[in-house]
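Structure file protein_36.txt (compact mmCIF, C-alpha atoms and all ligand atoms) follows.
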# COMPACT_ATOMS: atom_id res chain seq x y z
CA MET A 964 0.00 0.00 0.00
CA ARG A 965 1.00 3.63 -0.39
CA VAL A 966 0.44 4.96 3.11
CA LEU A 967 0.12 8.57 4.24
CA LEU A 968 1.58 8.99 7.74
CA THR A 969 0.37 12.16 9.42
CA GLY A 970 2.74 13.09 12.24
CA GLY A 971 5.24 10.77 10.61
CA ALA A 972 8.28 12.73 11.80
CA GLY A 973 7.22 12.38 15.44
CA TYR A 974 8.38 9.82 17.96
CA ILE A 975 5.88 7.06 17.18
CA GLY A 976 5.37 8.06 13.54
CA ALA A 977 9.06 7.62 12.68
CA HIS A 978 8.99 4.07 14.06
CA VAL A 979 5.74 3.31 12.22
CA ALA A 980 7.39 4.57 9.02
CA VAL A 981 10.32 2.20 9.53
CA ALA A 982 7.98 -0.74 10.21
CA LEU A 983 5.83 -0.01 7.13
CA LEU A 984 8.86 0.38 4.86
CA ALA A 985 10.39 -2.85 6.24
CA ARG A 986 7.15 -4.61 5.33
CA GLY A 987 7.37 -3.34 1.74
CA HIS A 988 4.76 -0.60 1.88
CA ASP A 989 5.42 2.87 0.46
CA VAL A 990 5.30 5.77 2.89
CA VAL A 991 4.44 9.45 2.40
CA ILE A 992 5.00 11.67 5.42
CA LEU A 993 2.91 14.70 6.32
CA ASP A 994 4.00 16.72 9.35
CA ASN A 995 3.99 20.37 10.37
CA PHE A 996 7.16 19.80 12.46
CA SER A 997 5.60 21.56 15.44
CA ASN A 998 7.00 18.83 17.69
CA SER A 999 9.58 17.08 15.51
CA LYS A 1000 12.75 17.65 13.53
CA ARG A 1001 13.23 17.37 9.79
CA ALA A 1002 16.50 15.48 10.38
CA VAL A 1003 14.37 12.49 11.42
CA LEU A 1004 13.21 12.00 7.81
CA GLU A 1005 16.71 11.26 6.54
CA ARG A 1006 17.24 8.84 9.42
CA ILE A 1007 14.10 6.89 8.57
CA GLU A 1008 15.36 6.64 4.99
CA ARG A 1009 18.77 5.53 6.20
CA ILE A 1010 17.31 2.72 8.32
CA ALA A 1011 14.93 1.62 5.57
CA GLY A 1012 17.42 2.02 2.73
CA ARG A 1013 14.66 3.71 0.71
CA ALA A 1014 13.57 7.25 -0.03
CA MET A 1015 10.10 8.58 0.71
CA PRO A 1016 8.27 11.81 -0.09
CA SER A 1017 7.49 14.18 2.75
CA TYR A 1018 5.35 17.30 3.08
CA ALA A 1019 5.63 20.13 5.60
CA VAL A 1020 1.88 20.61 5.94
CA ASP A 1021 -0.46 21.47 8.80
CA LEU A 1022 -3.68 19.42 8.81
CA VAL A 1023 -5.56 22.49 9.99
CA ASP A 1024 -4.87 23.87 6.49
CA LEU A 1025 -7.44 21.97 4.43
CA SER A 1026 -6.25 23.01 0.98
CA ALA A 1027 -2.61 22.11 1.73
CA THR A 1028 -3.80 18.77 3.10
CA ALA A 1029 -5.93 18.11 0.02
CA ASP A 1030 -2.93 18.99 -2.18
CA VAL A 1031 -0.99 16.07 -0.73
CA PHE A 1032 -3.78 13.69 -1.78
CA GLU A 1033 -3.85 15.37 -5.19
CA ARG A 1034 -0.14 14.69 -5.71
CA GLU A 1035 0.15 11.24 -4.16
CA ALA A 1036 -1.95 8.17 -4.92
CA ILE A 1037 -2.71 7.28 -1.31
CA ASP A 1038 -4.26 3.89 -0.45
CA GLY A 1039 -4.50 4.30 3.31
CA VAL A 1040 -3.71 6.66 6.16
CA VAL A 1041 -2.10 6.23 9.56
CA HIS A 1042 -3.11 9.33 11.50
CA LEU A 1043 -0.68 10.17 14.30
CA ALA A 1044 -0.54 13.96 14.01
CA GLY A 1045 -1.74 15.65 17.15
CA LEU A 1046 -0.80 17.51 20.28
CA LYS A 1047 -0.30 15.11 23.18
CA ALA A 1048 0.69 16.74 26.47
CA VAL A 1049 -1.98 16.21 29.12
CA GLY A 1050 -1.00 19.16 31.35
CA GLU A 1051 -0.69 21.53 28.39
CA SER A 1052 -4.16 20.50 27.21
CA VAL A 1053 -5.62 21.62 30.55
CA GLU A 1054 -3.88 25.01 30.15
CA GLN A 1055 -4.66 25.43 26.45
CA PRO A 1056 -7.85 23.50 25.64
CA PHE A 1057 -8.73 25.67 22.64
CA ARG A 1058 -5.40 24.87 20.99
CA TYR A 1059 -5.91 21.14 21.57
CA TYR A 1060 -9.46 21.05 20.23
CA ARG A 1061 -8.48 23.15 17.22
CA ASN A 1062 -5.40 21.18 16.32
CA ASN A 1063 -6.62 17.66 17.05
CA LEU A 1064 -10.29 17.89 16.07
CA ILE A 1065 -10.12 20.29 13.11
CA GLY A 1066 -6.94 18.63 11.86
CA THR A 1067 -8.71 15.26 11.88
CA LEU A 1068 -11.87 16.63 10.24
CA HIS A 1069 -9.79 18.11 7.43
CA LEU A 1070 -7.94 14.86 6.96
CA LEU A 1071 -11.23 12.94 6.76
CA GLU A 1072 -12.62 15.50 4.31
CA ALA A 1073 -9.57 15.20 2.05
CA MET A 1074 -9.77 11.39 2.25
CA GLN A 1075 -13.42 11.46 1.24
CA ARG A 1076 -12.73 13.85 -1.62
CA PHE A 1077 -9.99 11.61 -3.00
CA GLY A 1078 -11.71 8.29 -2.35
CA VAL A 1079 -9.33 7.06 0.36
CA SER A 1080 -11.29 4.85 2.73
CA VAL A 1081 -8.77 3.17 5.07
CA LEU A 1082 -7.56 4.89 8.23
CA VAL A 1083 -5.72 3.83 11.40
CA PHE A 1084 -5.89 6.38 14.21
CA SER A 1085 -3.62 6.92 17.26
CA SER A 1086 -5.90 6.89 20.26
CA SER A 1087 -4.80 6.45 23.84
CA ALA A 1088 -5.43 4.39 26.94
CA THR A 1089 -6.16 7.72 28.58
CA VAL A 1090 -9.74 7.41 27.24
CA TYR A 1091 -10.44 4.80 29.95
CA GLY A 1092 -9.95 7.39 32.71
CA ASP A 1093 -10.45 6.11 36.23
CA VAL A 1094 -13.93 4.62 36.20
CA SER A 1095 -12.96 1.00 35.54
CA ALA A 1096 -10.35 -1.28 37.05
CA PRO A 1097 -7.54 -2.63 34.87
CA PRO A 1098 -6.92 -4.69 32.85
CA PHE A 1099 -8.77 -2.43 30.44
CA THR A 1100 -10.80 -4.07 27.70
CA GLU A 1101 -12.10 -2.21 24.66
CA THR A 1102 -15.74 -2.61 25.74
CA MET A 1103 -15.27 -0.85 29.08
CA PRO A 1104 -16.84 2.58 29.52
CA THR A 1105 -14.65 5.52 28.62
CA ALA A 1106 -14.22 8.62 30.77
CA PRO A 1107 -11.24 10.77 29.76
CA THR A 1108 -10.26 13.22 32.48
CA ASN A 1109 -8.58 16.02 30.49
CA PRO A 1110 -9.01 17.91 27.17
CA TYR A 1111 -6.29 15.85 25.44
CA GLY A 1112 -8.04 12.61 26.33
CA ARG A 1113 -11.38 14.08 25.29
CA THR A 1114 -10.02 14.95 21.83
CA LYS A 1115 -9.01 11.29 21.46
CA ARG A 1116 -12.43 10.03 22.54
CA MET A 1117 -14.25 12.57 20.35
CA ILE A 1118 -12.22 11.51 17.32
CA GLU A 1119 -13.02 7.86 18.04
CA GLN A 1120 -16.70 8.82 18.08
CA MET A 1121 -16.37 10.78 14.84
CA LEU A 1122 -14.79 7.77 13.16
CA GLU A 1123 -17.48 5.44 14.47
CA ASP A 1124 -20.30 7.75 13.31
CA ILE A 1125 -18.79 8.20 9.84
CA ALA A 1126 -18.21 4.46 9.47
CA GLU A 1127 -21.83 3.89 10.52
CA SER A 1128 -23.10 6.25 7.82
CA ARG A 1129 -20.93 5.04 4.93
CA ALA A 1130 -20.52 1.50 3.71
CA ASP A 1131 -17.18 2.10 2.00
CA VAL A 1132 -14.88 3.13 4.86
CA SER A 1133 -12.65 1.11 7.18
CA PHE A 1134 -11.45 2.91 10.30
CA ILE A 1135 -9.49 1.53 13.24
CA ALA A 1136 -8.62 3.30 16.48
CA LEU A 1137 -5.59 1.98 18.37
CA ARG A 1138 -5.51 2.73 22.09
CA TYR A 1139 -1.83 2.90 22.97
CA PHE A 1140 -0.70 2.24 26.50
CA ASN A 1141 2.78 3.64 27.34
CA PRO A 1142 5.07 3.60 24.28
CA VAL A 1143 8.77 3.72 25.20
CA GLY A 1144 12.14 2.68 23.80
CA ALA A 1145 13.62 3.30 20.39
CA HIS A 1146 14.54 1.60 17.14
CA GLU A 1147 17.44 -0.76 17.77
CA SER A 1148 19.69 1.20 15.39
CA GLY A 1149 19.76 4.07 17.90
CA LEU A 1150 19.11 6.49 15.02
CA ILE A 1151 15.55 7.42 15.97
CA GLY A 1152 13.93 7.59 19.38
CA GLU A 1153 12.04 9.81 21.78
CA ASP A 1154 13.48 13.32 21.57
CA PRO A 1155 11.22 15.66 23.53
CA ALA A 1156 11.71 19.42 23.45
CA GLY A 1157 12.40 20.78 26.94
CA ALA A 1158 11.96 18.77 30.11
CA PRO A 1159 10.27 15.43 29.38
CA ASN A 1160 6.75 14.91 30.74
CA ASN A 1161 7.08 11.16 30.54
CA LEU A 1162 8.98 8.75 32.71
CA MET A 1163 11.29 6.90 30.32
CA PRO A 1164 12.86 9.92 28.57
CA TYR A 1165 13.29 11.59 31.95
CA VAL A 1166 15.06 8.53 33.35
CA ALA A 1167 17.26 8.36 30.24
CA GLN A 1168 18.22 12.04 30.59
CA VAL A 1169 19.13 11.50 34.26
CA ALA A 1170 21.21 8.45 33.33
CA VAL A 1171 23.15 10.40 30.72
CA GLY A 1172 23.80 13.26 33.16
CA ARG A 1173 21.56 15.83 31.52
CA ARG A 1174 19.33 16.04 34.62
CA GLU A 1175 20.35 15.59 38.21
CA ARG A 1176 17.61 13.39 39.55
CA LEU A 1177 14.26 11.84 38.83
CA TYR A 1178 11.21 12.98 40.75
CA ILE A 1179 8.96 10.02 41.42
CA PHE A 1180 5.41 11.24 41.62
CA GLY A 1181 3.90 9.40 44.58
CA ASP A 1182 5.13 6.62 46.85
CA ASP A 1183 1.80 5.84 48.49
CA TYR A 1184 -0.27 4.34 45.69
CA PRO A 1185 -2.00 1.04 46.45
CA THR A 1186 0.63 -0.87 44.45
CA PRO A 1187 3.28 -3.35 45.65
CA ASP A 1188 6.01 -0.69 46.04
CA GLY A 1189 3.75 2.39 46.31
CA THR A 1190 4.69 3.85 42.90
CA GLY A 1191 2.45 4.07 39.83
CA VAL A 1192 2.10 1.04 37.56
CA ARG A 1193 1.88 1.33 33.75
CA ASP A 1194 1.83 -0.96 30.74
CA TYR A 1195 5.05 0.07 28.97
CA ILE A 1196 5.21 -1.13 25.36
CA HIS A 1197 8.26 -1.08 23.09
CA VAL A 1198 7.69 1.46 20.32
CA MET A 1199 8.71 -1.11 17.67
CA ASP A 1200 6.09 -3.57 18.95
CA LEU A 1201 3.62 -0.70 18.77
CA ALA A 1202 4.79 0.17 15.24
CA GLU A 1203 4.35 -3.43 14.10
CA GLY A 1204 0.84 -3.32 15.58
CA HIS A 1205 0.06 -0.46 13.18
CA VAL A 1206 1.21 -2.47 10.20
CA ARG A 1207 -1.09 -5.34 11.21
CA ALA A 1208 -3.99 -2.96 11.89
CA LEU A 1209 -3.59 -1.26 8.52
CA GLU A 1210 -3.49 -4.55 6.63
CA PHE A 1211 -6.51 -5.77 8.61
CA ALA A 1212 -8.38 -2.52 7.88
CA ALA A 1213 -7.68 -2.85 4.15
CA GLU A 1214 -9.48 -6.22 4.11
CA ARG A 1215 -12.70 -5.15 5.78
CA ARG A 1216 -15.15 -2.29 6.31
CA GLY A 1217 -16.57 -0.50 9.36
CA TYR A 1218 -15.06 0.76 12.63
CA ASP A 1219 -13.15 -1.11 15.29
CA VAL A 1220 -10.93 -0.33 18.27
CA PHE A 1221 -7.94 -2.21 19.70
CA ASN A 1222 -5.73 -1.85 22.74
CA LEU A 1223 -2.00 -1.97 22.03
CA GLY A 1224 -0.24 -2.93 25.24
CA THR A 1225 1.63 -5.87 26.71
CA GLY A 1226 -0.91 -6.77 29.38
CA ARG A 1227 1.79 -6.43 32.03
CA GLY A 1228 2.26 -3.50 34.40
CA ALA A 1229 5.59 -2.22 35.75
CA SER A 1230 6.06 0.25 38.61
CA VAL A 1231 8.16 3.39 38.40
CA LEU A 1232 10.77 1.79 40.67
CA GLU A 1233 10.87 -1.31 38.47
CA VAL A 1234 11.58 0.91 35.45
CA VAL A 1235 14.33 2.72 37.36
CA ARG A 1236 15.98 -0.52 38.48
CA THR A 1237 15.78 -2.07 35.02
CA PHE A 1238 17.25 1.05 33.46
CA GLU A 1239 20.09 1.05 35.99
CA ALA A 1240 20.82 -2.58 35.20
CA VAL A 1241 21.00 -2.15 31.42
CA SER A 1242 22.82 1.19 31.45
CA GLY A 1243 25.20 0.52 34.31
CA ARG A 1244 24.38 4.05 35.55
CA GLU A 1245 22.85 5.06 38.84
CA ILE A 1246 19.55 6.95 38.59
CA PRO A 1247 19.31 9.26 41.61
CA TYR A 1248 15.67 9.89 42.55
CA VAL A 1249 13.55 11.56 45.18
CA PHE A 1250 9.91 11.02 45.97
CA ALA A 1251 7.62 13.92 45.17
CA PRO A 1252 3.85 14.43 45.59
CA ARG A 1253 1.48 12.57 43.29
CA ARG A 1254 1.00 14.23 39.90
CA PRO A 1255 -2.58 15.53 39.58
CA GLY A 1256 -4.67 13.35 37.27
CA ASP A 1257 -2.46 10.25 37.52
CA VAL A 1258 -4.13 6.90 38.14
CA ALA A 1259 -2.47 4.26 40.35
CA VAL A 1260 -2.48 1.40 37.88
CA SER A 1261 -3.07 1.12 34.12
CA TYR A 1262 -2.54 -1.91 31.94
CA ALA A 1263 -4.21 -3.42 28.92
CA ASP A 1264 -6.07 -6.53 28.14
CA PRO A 1265 -4.39 -6.95 24.72
CA SER A 1266 -6.23 -10.17 23.81
CA LYS A 1267 -8.49 -8.61 21.15
CA ALA A 1268 -5.49 -7.47 19.09
CA GLU A 1269 -3.94 -10.90 19.45
CA ARG A 1270 -7.15 -12.64 18.41
CA LEU A 1271 -8.14 -10.45 15.45
CA LEU A 1272 -4.88 -8.84 14.30
CA GLY A 1273 -2.58 -11.74 15.13
CA TRP A 1274 -0.35 -9.24 16.94
CA ARG A 1275 1.26 -9.32 20.34
CA ALA A 1276 4.13 -7.44 21.94
CA THR A 1277 7.33 -9.46 22.15
CA ARG A 1278 9.95 -7.10 23.62
CA ASP A 1279 10.38 -6.92 27.41
CA LEU A 1280 11.12 -4.02 29.75
CA ALA A 1281 14.88 -4.66 29.58
CA ALA A 1282 14.78 -4.30 25.78
CA MET A 1283 12.74 -1.10 26.11
CA CYS A 1284 15.31 0.39 28.51
CA ARG A 1285 18.29 -0.85 26.49
CA ASP A 1286 17.01 0.70 23.27
CA ALA A 1287 16.01 3.97 24.96
CA TRP A 1288 19.49 4.11 26.49
CA ARG A 1289 21.26 3.46 23.15
CA PHE A 1290 19.39 6.38 21.58
CA GLN A 1291 20.10 8.64 24.56
CA VAL A 1292 23.82 7.88 24.60
CA ARG A 1293 24.08 8.69 20.90
CA HIS A 1294 22.11 11.94 21.31
CA PRO A 1295 22.56 13.19 24.88
CA TYR A 1296 20.92 16.53 24.02
CA GLY A 1297 18.68 15.29 21.22
CA ILE A 1298 18.97 14.81 17.47
CA ASP A 1299 20.88 17.62 15.76
CA VAL A 1300 22.06 19.12 19.05
CA GLY A 1301 25.76 18.96 19.90
CA THR A 1302 26.75 18.22 23.49
CA ALA A 1303 28.16 21.76 23.58
CA ALA A 1304 24.60 23.12 23.46
CA LYS A 1305 23.96 22.29 27.07
CA GLY A 1306 22.57 25.03 29.22
CA GLU A 1307 19.89 22.86 30.76
CA ARG A 1308 20.53 20.74 33.78
CA SER A 1309 17.84 20.53 36.42
P1 LIG B 1401 4.94 13.47 18.66
O1 LIG B 1401 4.59 14.83 19.14
O2 LIG B 1401 6.35 13.04 18.70
O3 LIG B 1401 4.38 13.27 17.17
C1 LIG B 1401 3.25 13.94 16.70
C2 LIG B 1401 3.64 14.59 15.38
O4 LIG B 1401 2.50 15.26 14.83
C3 LIG B 1401 4.74 15.62 15.53
O5 LIG B 1401 5.77 15.34 14.60
C4 LIG B 1401 4.05 16.95 15.23
O6 LIG B 1401 4.93 17.88 14.63
C5 LIG B 1401 2.92 16.51 14.32
N1 LIG B 1401 1.73 17.37 14.32
C6 LIG B 1401 1.02 17.82 15.39
N2 LIG B 1401 -0.03 18.55 14.98
C7 LIG B 1401 0.00 18.54 13.62
C8 LIG B 1401 -0.81 19.13 12.62
N3 LIG B 1401 -1.88 19.89 12.93
N4 LIG B 1401 -0.49 18.92 11.32
C9 LIG B 1401 0.59 18.17 10.99
N5 LIG B 1401 1.41 17.60 11.90
C10 LIG B 1401 1.11 17.78 13.20
O7 LIG B 1401 4.02 12.45 19.50
P2 LIG B 1401 4.04 10.85 19.53
O8 LIG B 1401 4.39 10.44 20.90
O9 LIG B 1401 4.77 10.32 18.38
O10 LIG B 1401 2.48 10.58 19.37
C11 LIG B 1401 1.88 10.31 18.12
C12 LIG B 1401 0.39 10.13 18.33
O11 LIG B 1401 0.17 9.08 19.28
C13 LIG B 1401 -0.29 11.37 18.90
O12 LIG B 1401 -1.55 11.50 18.29
C14 LIG B 1401 -0.44 11.04 20.36
O13 LIG B 1401 -1.55 11.70 20.94
C15 LIG B 1401 -0.67 9.53 20.32
N6 LIG B 1401 -0.31 8.88 21.59
C16 LIG B 1401 0.95 9.02 22.09
C17 LIG B 1401 1.27 8.40 23.31
C18 LIG B 1401 2.66 8.55 23.91
O14 LIG B 1401 2.82 8.22 25.10
N7 LIG B 1401 3.67 8.98 23.17
C19 LIG B 1401 0.31 7.66 24.00
C20 LIG B 1401 -0.96 7.52 23.45
C21 LIG B 1401 -1.25 8.13 22.22
N1 LIG B 1402 6.40 9.60 36.50
C1 LIG B 1402 7.27 9.98 37.52
N2 LIG B 1402 8.17 10.97 37.25
C2 LIG B 1402 8.25 11.58 36.04
C3 LIG B 1402 7.36 11.18 35.02
C4 LIG B 1402 6.44 10.19 35.29
O1 LIG B 1402 7.22 9.44 38.62
O2 LIG B 1402 9.08 12.48 35.88
C5 LIG B 1402 5.46 8.50 36.78
C6 LIG B 1402 4.01 8.89 36.63
O3 LIG B 1402 3.50 9.44 37.84
C7 LIG B 1402 3.37 7.56 36.25
C8 LIG B 1402 4.45 6.87 35.43
O4 LIG B 1402 5.68 7.50 35.82
O5 LIG B 1402 3.12 6.78 37.40
C9 LIG B 1402 4.28 7.01 33.93
O6 LIG B 1402 4.12 8.37 33.60
P1 LIG B 1402 4.19 8.90 32.08
O7 LIG B 1402 4.04 10.38 32.13
O8 LIG B 1402 5.37 8.34 31.41
O9 LIG B 1402 2.93 8.21 31.42
P2 LIG B 1402 1.36 8.36 31.74
O10 LIG B 1402 0.84 7.00 32.01
O11 LIG B 1402 1.10 9.39 32.75
O12 LIG B 1402 0.83 8.97 30.37
C10 LIG B 1402 0.97 8.30 29.11
C11 LIG B 1402 1.00 9.32 27.97
C12 LIG B 1402 -0.30 10.05 27.86
C13 LIG B 1402 -1.42 9.05 27.76
C14 LIG B 1402 -1.36 8.05 28.88
C15 LIG B 1402 -2.36 6.96 28.64
O13 LIG B 1402 2.03 10.25 28.19
O14 LIG B 1402 -0.30 10.82 26.69
O15 LIG B 1402 -0.08 7.43 28.93
O16 LIG B 1402 -2.48 6.15 29.75
F1 LIG B 1402 -2.58 9.73 27.83
Encoded form (structure tokens):
Amino acid sequence: MRVLLTGGAGYIGAHVAVALLARGHDVVILDNFSNSKRAVLERIERIAGRAMPSYAVDLVDLSATADVFEREAIDGVVHLAGLKAVGESVEQPFRYYRNNLIGTLHLLEAMQRFGVSVLVFSSSATVYGDVSAPPFTETMPTAPTNPYGRTKRMIEQMLEDIAESRADVSFIALRYFNPVGAHESGLIGEDPAGAPNNLMPYVAQVAVGRRERLYIFGDDYPTPDGTGVRDYIHVMDLAEGHVRALEFAAERRGYDVFNLGTGRGASVLEVVRTFEAVSGREIPYVFAPRRPGDVAVSYADPSKAERLLGWRATRDLAAMCRDAWRFQVRHPYGIDVGTAAKGERS
């Protein structure tokens, strides 16, 4: 298939691009580079040993989006473009609704105009909120607790409604749990701007000496060691899940939703200890108050994806930490930033 990847220069998108190219699909990248670097494109090509077209386009610009479909004969879309920081979405809800909802509506409009009917969408486990107990299954009620999560749930509902009204489309929403790690080449990986919001990149930056210590948010959760438990999934397992979902979507019609997780939870302290073991570095940490909005435990029931997509995660927490560490060591201050450009150490 010739696949349009929106947000394809981002953390997950770059890994999905590599997985699609490895499987023999063609990839076209659309990204506005609001949270990614153009240098990533050349790295994807280097890993894949193949070139791919890319477009610096914002999905909120409908005519520029439609132009990409005009130029490229697209068979299917993997839609990853979006803003994703929970805290920022509480501060700037308008920006999140505008970017994520209008961007998606424009993409769907362009797809309809050019007769493209297959779409895989990046949703999130955050849609489950805190009303059900894990493991989360796709049929459980959803209750997102912040604007970011609500954009994900609203887009799922849009896709479901459109698929209900039209016999020709095939849409799949993938609810990611906690993607971490990097491609094993160490050429692409998670490269956040500023201080990382998420655990694994923060731990990696402490290990490499870019930050002094980790703040562990909460030591009194009802978990075995008191720290939060999450279903960390290797980004390459996640990427391979997209390939399966896209191929599945191309063979059928309608709307469906799948969890992508391992089904196993790990605590913050377990992540820290595993990272220390694979990196050989000490990770100094202090306990800090709970982060508002965090749940104690989140992990997937991934059995639906295994049953229908024939996909399951195969890489363990040690592999996730090892690959995250390889990327961090090669790019202590991020892709395209020399170690001289320090300035930040907190
Ligand atoms: P990312 O920020 O690295 O990638 C998103 C990409 O989309 C970026 O390259 C950004 O420049 C681009 N983008 C944003 N708005 C755009 C727009 N209007 N037009 C064109 N490009 C735009 O984030 P990621 O971690 O790779 O996440 C990818 C997707 O997966 C997002 O939709 C995110 O919400 C979802 N997701 C991520 C996680 C996670 O923990 N990383 C968890 C669940 C779901
Ligand atoms: N944590 C720390 N210190 C940090 C960062 C995180 O202790 O500096 C803890 C958190 O409290 C939590 C765990 O590490 O217990 C994981 O936190 P992340 O921020 O890495 O991940 P979240 O589960 O909070 O959020 C992720 C994505 C969201 C998505 C959500 C879905 O970042 O976009 O999963 O469950 F909505």
Shortest interatomic distance to Ala1073 of chain A - which of A:Asp1279, A:Glu1033, A:Glu1054, A:Asp1124, counting all atoms listed in the file = A:Glu1033
Using all atoms listed in the file, what are the residues with an atom within 6 Å of ligand LIG 1401 (chain B), set out as a VMD selection string?
-> chain A and resid 970 972 to 976 994 to 999 1020 to 1023 1043 to 1047 1062 1066 1085 to 1087 1139 1141 to 1142
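If all atoms listed in the file are the atoms counted, then among A:Phe1134, A:Tyr1262, A:Tyr1111, A:Phe1180 the closest residue to Arg1058 of chain A is A:Tyr1111.
If you look at atom CA of Ser1266 of chain A and atom CA of Ile1118 of chain A, they are 23.4 Å away from each other.
Counting only C-alpha atoms and comparing A:Ile1298, A:Ala1208, A:Leu1162, A:Ala1130, the residue that lies closest to Ala1002 of chain A is A:Ile1298.
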Find the axis-aligned box for segment 1054-1065 of chain A, covering all its listed atoms and adding 6 Å on each side, and write its centre and edge lengths in Å to one decimal as lines of an AutoDock Vina configuration file.
center_x = -7.1
center_y = 21.7
center_z = 21.6
size_x = 18.4
size_y = 20.0
size_z = 29.0
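The space separating atom CA of Val1206 of chain A from atom CA of Lys1115 of chain A comes to 20.5 Å.
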Taking into account all atoms listed in the file, which residue in the set A:Arg1013, A:Arg1193, A:Arg1034, A:Arg1173 is nearest to ligand LIG 1402 (chain B)?
-> A:Arg1193
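Between atom CA of Ala1276 of chain A and atom CA of Leu983 of chain A lies a distance of 16.7 Å.
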Using all atoms listed in the file, give me every residue within 6 Å of (-11.6, -2.3, 9.4) in file coordinates, as a ChimeraX atom specification.
-> /A:1133-1135,1212,1215-1218
Please rebuild segment 1061-1077 of chain A with N, CA and C atoms and give the result as a compact mmCIF listing (two decimals), keeping the file's coordinate frame.
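Result went into result-v7.txt, see below:
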# COMPACT_ATOMS: atom_id res chain seq x y z
N ARG A 1061 -8.69 22.65 18.59
CA ARG A 1061 -8.48 23.15 17.22
C ARG A 1061 -7.53 22.23 16.45
N ASN A 1062 -6.40 21.97 17.04
CA ASN A 1062 -5.40 21.18 16.32
C ASN A 1062 -5.88 19.73 16.10
N ASN A 1063 -6.32 19.10 17.16
CA ASN A 1063 -6.62 17.66 17.05
C ASN A 1063 -7.94 17.40 16.35
N LEU A 1064 -8.99 18.18 16.68
CA LEU A 1064 -10.29 17.89 16.07
C LEU A 1064 -10.36 18.45 14.65
N ILE A 1065 -9.99 19.71 14.46
CA ILE A 1065 -10.12 20.29 13.11
C ILE A 1065 -9.13 19.61 12.17
N GLY A 1066 -7.93 19.34 12.69
CA GLY A 1066 -6.94 18.63 11.86
C GLY A 1066 -7.52 17.30 11.38
N THR A 1067 -8.16 16.57 12.27
CA THR A 1067 -8.71 15.26 11.88
C THR A 1067 -9.88 15.42 10.91
N LEU A 1068 -10.75 16.41 11.16
CA LEU A 1068 -11.87 16.63 10.24
C LEU A 1068 -11.38 16.94 8.83
N HIS A 1069 -10.34 17.77 8.75
CA HIS A 1069 -9.79 18.11 7.43
C HIS A 1069 -9.18 16.88 6.75
N LEU A 1070 -8.51 16.09 7.53
CA LEU A 1070 -7.94 14.86 6.96
C LEU A 1070 -9.06 13.97 6.41
N LEU A 1071 -10.12 13.80 7.20
CA LEU A 1071 -11.23 12.94 6.76
C LEU A 1071 -11.91 13.52 5.52
N GLU A 1072 -12.00 14.85 5.47
CA GLU A 1072 -12.62 15.50 4.31
C GLU A 1072 -11.78 15.27 3.05
N ALA A 1073 -10.47 15.43 3.20
CA ALA A 1073 -9.57 15.20 2.05
C ALA A 1073 -9.64 13.73 1.63
N MET A 1074 -9.68 12.82 2.59
CA MET A 1074 -9.77 11.39 2.25
C MET A 1074 -11.04 11.12 1.46
N GLN A 1075 -12.14 11.69 1.93
CA GLN A 1075 -13.42 11.46 1.24
C GLN A 1075 -13.38 12.01 -0.18
N ARG A 1076 -12.79 13.21 -0.31
CA ARG A 1076 -12.73 13.85 -1.62
C ARG A 1076 -11.91 13.02 -2.62
N PHE A 1077 -10.88 12.36 -2.11
CA PHE A 1077 -9.99 11.61 -3.00
C PHE A 1077 -10.22 10.10 -2.93
